[in-house]
Amino acid sequence: MALTWKYGNPYIWIAIELSFGILYSLILRWKVRQVYPWLKTCTRNGAALKRQYPDILIRTKQVFIHKIKDFLLMQSDQIFVFAFVSLSMVAYYGNYTLITTRITGLFTTTMDSITAGIGNLIAEGNRPRILSVFWELMAFRYFLAGIIVFCSYHLINSFISLWLGSEYILENSIVVLLMIYVFIMITRGTVDMFNTAFGLYADTWAAWTEVILNVGITVATAFYLGINGILLGKIISTALIIVLWKPYYLFSRGLQTSYLLYWKKTFPLLLAFAILYTAFHFISKPFLTLFPNHSSSFGSWLSYAVCLCAPFSVCYGILLLCISQGARDLLRRFPYKLRSSGATKKT
């Protein structure tokens, strides 16, 4: 096949991705040598190191299974939509997932960068401090998830209408299920970080079970429910494995604390979001009368978004501070960090 150099050519895209991947690897290798000159990499030492550290290969295989599971689940949506609904709906559904993944990715990438710090914390072995940090991060994750889900649900349809046109808007049930899945995926982050820091990857059965449940439920329901069935497969599989099993695995094997403690402190976070979301959802309906043309331009849409989301964010933050010790501990960190940074500058 002749290679035509024009916009959209897949070969150009692959070449660019490959080139930047190689460039990134070279820069990373140079930086590692600069910061850690004592760290030498040599393939000839592989066999000796494998005998010296036999767990490395085992853990690598376990991590690979979990990563390939995440890849399969994330990339299967479009295939299922094409197989059970239609090709055109792949684009319609892709517009929504593009927005949600970009929004969540903006926050989760920043949060995931502290996993190494969690590893250092666990290495210290201070159990009360480990639990304290865990609940601080849980409160922050729920705060982010609540704001993202509330704002996305009430704004995504009008944004799609402005961006592409009202004919690209999906039915409300799809948006509701998509928001439930987004909420689960954001709030799972803290448990995932601590499982990673503890090196808890041995539950490879859970990865395969999640895939089988996802595919099985999707195949059973998507023919009748369409995209709703596909999202139900994702929600049920993640609810059973991610929401129920992963915290149990962390608390029993890693934190070595009662699993009931997890739900004792997590349930108030869920309840706070449910109560405030319901209250603001009903408030938002008469609030729309103040912005009758919020879908007419991006300026009016942005004004409506700020006026709707800002009060919810403030009220949600206050409510979390009232019910969560983790949220209060997290808030106390900010003055401490400011004092520490000020003292460092003076020095």
# chains A, B, ... in the order shown; residues from 1 in each chain; ligands from 1
$ residues_around --residues "A:Arg141" --least-positions-apart "3" --cutoff "9 Å" --atoms "only C-alpha atoms" --output "list in words"
Met111, Glu136, Leu137, Met138, Leu144, Ala145, Gly146, Ile186, Thr187, Arg188, Gly189 and Thr190 of chain A
$ write_last_selection --atoms "N, CA, C and O atoms" --output "PDB file, in the first residue's frame"
ATOM      1  N   MET A 111      -2.745  12.842  40.956  1.00  0.00           N
ATOM      2  CA  MET A 111      -2.860  12.069  42.196  1.00  0.00           C
ATOM      3  C   MET A 111      -2.001  10.804  42.141  1.00  0.00           C
ATOM      4  O   MET A 111      -1.377  10.428  43.139  1.00  0.00           O
ATOM      5  N   GLU A 136      -7.105  10.631  54.466  1.00  0.00           N
ATOM      6  CA  GLU A 136      -6.981  11.957  53.858  1.00  0.00           C
ATOM      7  C   GLU A 136      -7.153  11.870  52.343  1.00  0.00           C
ATOM      8  O   GLU A 136      -7.885  12.666  51.741  1.00  0.00           O
ATOM      9  N   LEU A 137      -6.479  10.902  51.740  1.00  0.00           N
ATOM     10  CA  LEU A 137      -6.577  10.731  50.293  1.00  0.00           C
ATOM     11  C   LEU A 137      -7.962  10.258  49.873  1.00  0.00           C
ATOM     12  O   LEU A 137      -8.458  10.647  48.809  1.00  0.00           O
ATOM     13  N   MET A 138      -8.584   9.441  50.698  1.00  0.00           N
ATOM     14  CA  MET A 138      -9.947   9.000  50.391  1.00  0.00           C
ATOM     15  C   MET A 138     -10.905  10.189  50.370  1.00  0.00           C
ATOM     16  O   MET A 138     -11.739  10.323  49.460  1.00  0.00           O
ATOM     17  N   LEU A 144     -13.140  15.223  44.851  1.00  0.00           N
ATOM     18  CA  LEU A 144     -12.959  15.394  43.408  1.00  0.00           C
ATOM     19  C   LEU A 144     -14.037  14.659  42.619  1.00  0.00           C
ATOM     20  O   LEU A 144     -14.615  15.204  41.673  1.00  0.00           O
ATOM     21  N   ALA A 145     -14.301  13.403  43.004  1.00  0.00           N
ATOM     22  CA  ALA A 145     -15.283  12.602  42.274  1.00  0.00           C
ATOM     23  C   ALA A 145     -16.668  13.238  42.336  1.00  0.00           C
ATOM     24  O   ALA A 145     -17.390  13.272  41.337  1.00  0.00           O
ATOM     25  N   GLY A 146     -17.038  13.738  43.505  1.00  0.00           N
ATOM     26  CA  GLY A 146     -18.352  14.359  43.650  1.00  0.00           C
ATOM     27  C   GLY A 146     -18.516  15.564  42.760  1.00  0.00           C
ATOM     28  O   GLY A 146     -19.544  15.729  42.086  1.00  0.00           O
ATOM     29  N   ILE A 186     -12.847   7.065  39.779  1.00  0.00           N
ATOM     30  CA  ILE A 186     -12.070   8.102  40.471  1.00  0.00           C
ATOM     31  C   ILE A 186     -11.833   7.712  41.921  1.00  0.00           C
ATOM     32  O   ILE A 186     -10.711   7.828  42.441  1.00  0.00           O
ATOM     33  N   THR A 187     -12.875   7.242  42.599  1.00  0.00           N
ATOM     34  CA  THR A 187     -12.741   6.934  44.020  1.00  0.00           C
ATOM     35  C   THR A 187     -11.906   5.688  44.283  1.00  0.00           C
ATOM     36  O   THR A 187     -11.405   5.511  45.398  1.00  0.00           O
ATOM     37  N   ARG A 188     -11.724   4.849  43.284  1.00  0.00           N
ATOM     38  CA  ARG A 188     -10.923   3.632  43.479  1.00  0.00           C
ATOM     39  C   ARG A 188      -9.436   3.930  43.623  1.00  0.00           C
ATOM     40  O   ARG A 188      -8.658   3.089  44.065  1.00  0.00           O
ATOM     41  N   GLY A 189      -9.024   5.119  43.248  1.00  0.00           N
ATOM     42  CA  GLY A 189      -7.613   5.439  43.133  1.00  0.00           C
ATOM     43  C   GLY A 189      -6.818   5.255  44.408  1.00  0.00           C
ATOM     44  O   GLY A 189      -5.673   4.783  44.369  1.00  0.00           O
ATOM     45  N   THR A 190      -7.388   5.623  45.540  1.00  0.00           N
ATOM     46  CA  THR A 190      -6.635   5.523  46.796  1.00  0.00           C
ATOM     47  C   THR A 190      -6.344   4.071  47.143  1.00  0.00           C
ATOM     48  O   THR A 190      -5.215   3.721  47.517  1.00  0.00           O
TER      49      THR A 190
END
$ residues_around --residues "A:Ser237" --least-positions-apart "2" --cutoff "9 Å" --atoms "only C-alpha atoms" --output "number ranges by chain"
A: 209-214, 217, 232-235, 239-242
$ closest_residue --among "A:His66, A:Phe134, A:Cys309, A:Leu72" --to "A:Phe251" --atoms "only C-alpha atoms"
A:Phe134
$ residues_around --residues "A:Ser88" --least-positions-apart "5" --cutoff "12 Å" --atoms "only C-alpha atoms" --output "list in words"
Gln78, Val81, Phe82, Ala83, Tyr93, Gly94, Asn95, Glu167 and Tyr168 of chain A
$ residues_around --residues "A:Leu200" --least-positions-apart "4" --cutoff "9 Å" --atoms "only C-alpha atoms" --output "list in words"
Arg59, Phe194, Asn195, Thr196, Tyr249, Leu250, Arg253 and Gly254 of chain A
$ atom_distance --atom1 "atom CA of A:Leu162" --atom2 "atom CA of A:Gly226"
25.4 Å
$ closest_residue --among "A:Ala310, A:Leu131, A:Met89, A:Cys315" --to "A:Tyr262" --atoms "only C-alpha atoms"
A:Leu131
$ atom_distance --atom1 "atom CA of A:Ile27" --atom2 "atom CA of A:Ile58"
28.7 Å
$ closest_residue --among "A:Thr115, A:Ser173, A:Ser152, A:Ser161" --to "A:Thr101" --atoms "only C-alpha atoms"
A:Ser152
